[in-house]
>>> print(open('query.cif').read())   # mmCIF, C-alpha atoms
data_entry
loop_
_atom_site.group_PDB
_atom_site.id
_atom_site.type_symbol
_atom_site.label_atom_id
_atom_site.label_comp_id
_atom_site.auth_asym_id
_atom_site.auth_seq_id
_atom_site.Cartn_x
_atom_site.Cartn_y
_atom_site.Cartn_z
ATOM 1 C CA MET A 1 -262.780 67.159 -20.128
ATOM 2 C CA LEU A 2 -261.171 69.567 -17.666
ATOM 3 C CA GLY A 3 -264.530 70.159 -15.951
ATOM 4 C CA GLU A 4 -264.997 66.414 -15.482
ATOM 5 C CA LEU A 5 -261.469 66.044 -14.138
ATOM 6 C CA GLY A 6 -262.026 68.970 -11.762
ATOM 7 C CA SER A 7 -265.196 67.407 -10.392
ATOM 8 C CA GLN A 8 -263.347 64.135 -9.824
ATOM 9 C CA LEU A 9 -260.582 65.888 -7.884
ATOM 10 C CA ARG A 10 -262.926 67.946 -5.665
ATOM 11 C CA PRO A 11 -263.264 66.677 -2.108
ATOM 12 C CA ILE A 12 -266.447 64.753 -1.350
ATOM 13 C CA ARG A 13 -269.123 67.145 -0.114
ATOM 14 C CA GLU A 14 -272.771 66.786 0.810
ATOM 15 C CA PHE A 15 -275.146 69.073 -1.094
ATOM 16 C CA LEU A 16 -277.637 70.515 1.414
ATOM 17 C CA GLU A 17 -280.257 73.215 1.739
ATOM 18 C CA LEU A 18 -279.970 75.162 4.994
ATOM 19 C CA SER A 19 -282.009 77.836 6.755
ATOM 20 C CA VAL A 20 -280.048 79.906 9.286
ATOM 21 C CA PRO A 21 -281.553 82.715 11.412
ATOM 22 C CA HIS A 22 -279.944 86.082 10.641
ATOM 23 C CA ASP A 23 -278.878 86.493 14.279
ATOM 24 C CA GLN A 24 -276.654 83.390 13.961
ATOM 25 C CA GLN A 25 -273.875 85.370 12.260
ATOM 26 C CA GLY A 26 -271.164 83.028 13.530
ATOM 27 C CA VAL A 27 -272.889 80.059 11.886
ATOM 28 C CA ILE A 28 -273.260 81.972 8.608
ATOM 29 C CA ALA A 29 -269.590 82.982 8.733
ATOM 30 C CA ARG A 30 -268.557 79.388 9.435
ATOM 31 C CA LEU A 31 -270.698 78.159 6.545
ATOM 32 C CA HIS A 32 -268.915 80.554 4.193
ATOM 33 C CA GLU A 33 -265.585 79.374 5.601
ATOM 34 C CA VAL A 34 -266.025 75.608 5.137
ATOM 35 C CA ALA A 35 -268.705 75.197 2.462
ATOM 36 C CA GLN A 36 -268.994 75.768 -1.228
ATOM 37 C CA ILE A 37 -272.029 78.092 -1.417
ATOM 38 C CA VAL A 38 -274.045 77.454 -4.592
ATOM 39 C CA GLU A 39 -277.006 79.724 -3.849
ATOM 40 C CA ARG A 40 -277.945 82.139 -1.055
ATOM 41 C CA HIS A 41 -280.932 84.287 -0.151
ATOM 42 C CA TYR A 42 -280.954 86.740 2.762
ATOM 43 C CA HIS A 43 -284.648 87.716 2.556
ATOM 44 C CA GLY A 44 -287.235 86.824 5.189
ATOM 45 C CA LYS A 45 -286.655 85.612 8.737
ATOM 46 C CA THR A 46 -283.762 83.314 7.825
ATOM 47 C CA ALA A 47 -280.878 83.208 5.387
ATOM 48 C CA ARG A 48 -281.339 80.273 2.972
ATOM 49 C CA PHE A 49 -278.376 78.452 1.474
ATOM 50 C CA LYS A 50 -277.735 75.665 -0.986
ATOM 51 C CA ALA A 51 -274.221 74.555 -0.179
ATOM 52 C CA ARG A 52 -271.762 71.704 -0.548
ATOM 53 C CA ILE A 53 -270.491 70.862 2.925
ATOM 54 C CA PRO A 54 -267.609 68.550 3.866
ATOM 55 C CA PRO A 55 -268.950 65.498 5.737
ATOM 56 C CA HIS A 56 -266.855 66.295 8.821
ATOM 57 C CA ALA A 57 -268.685 69.660 9.154
ATOM 58 C CA ARG A 58 -272.251 68.382 8.693
ATOM 59 C CA ASN A 59 -272.928 68.088 12.449
ATOM 60 C CA GLU A 60 -272.217 71.813 12.865
ATOM 61 C CA PHE A 61 -275.084 72.627 10.510
ATOM 62 C CA GLN A 62 -277.469 69.732 11.211
ATOM 63 C CA ARG A 63 -279.969 71.843 13.173
ATOM 64 C CA PHE A 64 -280.290 74.223 10.183
ATOM 65 C CA LEU A 65 -280.869 71.473 7.612
ATOM 66 C CA VAL A 66 -283.960 71.912 5.444
ATOM 67 C CA ARG A 67 -283.285 68.984 3.111
ATOM 68 C CA PRO A 68 -280.487 67.150 1.352
ATOM 69 C CA LEU A 69 -280.016 67.943 -2.329
ATOM 70 C CA GLN A 70 -278.159 66.132 -5.069
ATOM 71 C CA SER A 71 -276.184 66.874 -8.232
ATOM 72 C CA ASP A 72 -276.634 64.902 -11.408
ATOM 73 C CA LEU A 73 -273.686 63.199 -13.106
ATOM 74 C CA ALA A 74 -273.034 66.276 -15.251
ATOM 75 C CA GLY A 75 -272.632 68.363 -12.085
ATOM 76 C CA HIS A 76 -275.946 70.212 -12.348
ATOM 77 C CA ASP A 77 -277.596 70.824 -9.019
ATOM 78 C CA GLN A 78 -281.028 69.254 -8.503
ATOM 79 C CA LYS A 79 -283.497 68.919 -5.658
ATOM 80 C CA VAL A 80 -284.056 65.487 -4.188
ATOM 81 C CA SER A 81 -287.615 64.475 -4.967
ATOM 82 C CA GLY A 82 -289.889 63.226 -2.261
#
>>> encode(input="query.cif", output="structure tokens")
Amino acid sequence: MLGELGSQLRPIREFLELSVPHDQQGVIARLHEVAQIVERHYHGKTARFKARIPPHARNEFQRFLVRPLQSDLAGHDQKVSG
């Protein structure tokens, strides 16, 4: 019950997968500042993130967008098929 209530009270956020070059440290710092990071990987040429981002901040990260993701009604994170 409390988990459901908490998810209802959370601000609306878009669940996105992002790929940010490691040399864009300011972007990565900003992402950590405004987003709810669900998953992160720093291996390879880019840092990969699955994050919930407030709609007003989406434009800041648009050029790093890999794909939108979604959460099911129980709050479990899932990839958007297609």
>>> residues_around(input="query.cif", residues="Phe64 (chain A)", least_positions_apart="4", cutoff="6 Å", atoms="all atoms listed in the file", output="MDAnalysis selection string")
chainID A and resid 18:20
>>> residues_around(input="query.cif", residues="Ile37 (chain A)", least_positions_apart="3", cutoff="9 Å", atoms="all atoms listed in the file", output="PyMOL selection string")
chain A and resi 31-32+40+49-53
>>> write_last_selection(input="query.cif", atoms="C-alpha atoms", output="compact mmCIF listing (two decimals), keeping the file's coordinate frame")
# COMPACT_ATOMS: atom_id res chain seq x y z
CA LEU A 31 -270.70 78.16 6.54
CA HIS A 32 -268.92 80.55 4.19
CA ARG A 40 -277.94 82.14 -1.06
CA PHE A 49 -278.38 78.45 1.47
CA LYS A 50 -277.74 75.67 -0.99
CA ALA A 51 -274.22 74.56 -0.18
CA ARG A 52 -271.76 71.70 -0.55
CA ILE A 53 -270.49 70.86 2.92
>>> atom_distance(input="query.cif", atom1="CA of Ala57 (chain A)", atom2="CA of Val27 (chain A)")
11.5 Å
>>> atom_distance(input="query.cif", atom1="CA of Arg13 (chain A)", atom2="CA of Ala35 (chain A)")
8.5 Å
>>> atom_distance(input="query.cif", atom1="CA of Gln24 (chain A)", atom2="CA of Ile12 (chain A)")
26.2 Å
>>> closest_residue(input="query.cif", among="A:Gly44, A:Arg30, A:Gln36, A:Gln25", to="Phe61 (chain A)", atoms="all atoms listed in the file")
A:Arg30
>>> closest_residue(input="query.cif", among="A:Pro21, A:Arg48, A:Leu16, A:Val38", to="Gln70 (chain A)", atoms="only C-alpha atoms")
A:Leu16
>>> closest_residue(input="query.cif", among="A:Ala29, A:His22, A:Val34, A:Glu39", to="Pro54 (chain A)", atoms="all atoms listed in the file")
A:Val34
>>> closest_residue(input="query.cif", among="A:His41, A:His56, A:Gly26, A:Glu33", to="Glu14 (chain A)", atoms="all atoms listed in the file")
A:His56
>>> residues_near_point(input="query.cif", point="(-286.1, 68.6, 4.2)", cutoff="10 Å", atoms="only C-alpha atoms", output="VMD selection string")
chain A and resid 16 to 18 65 to 69 80 82
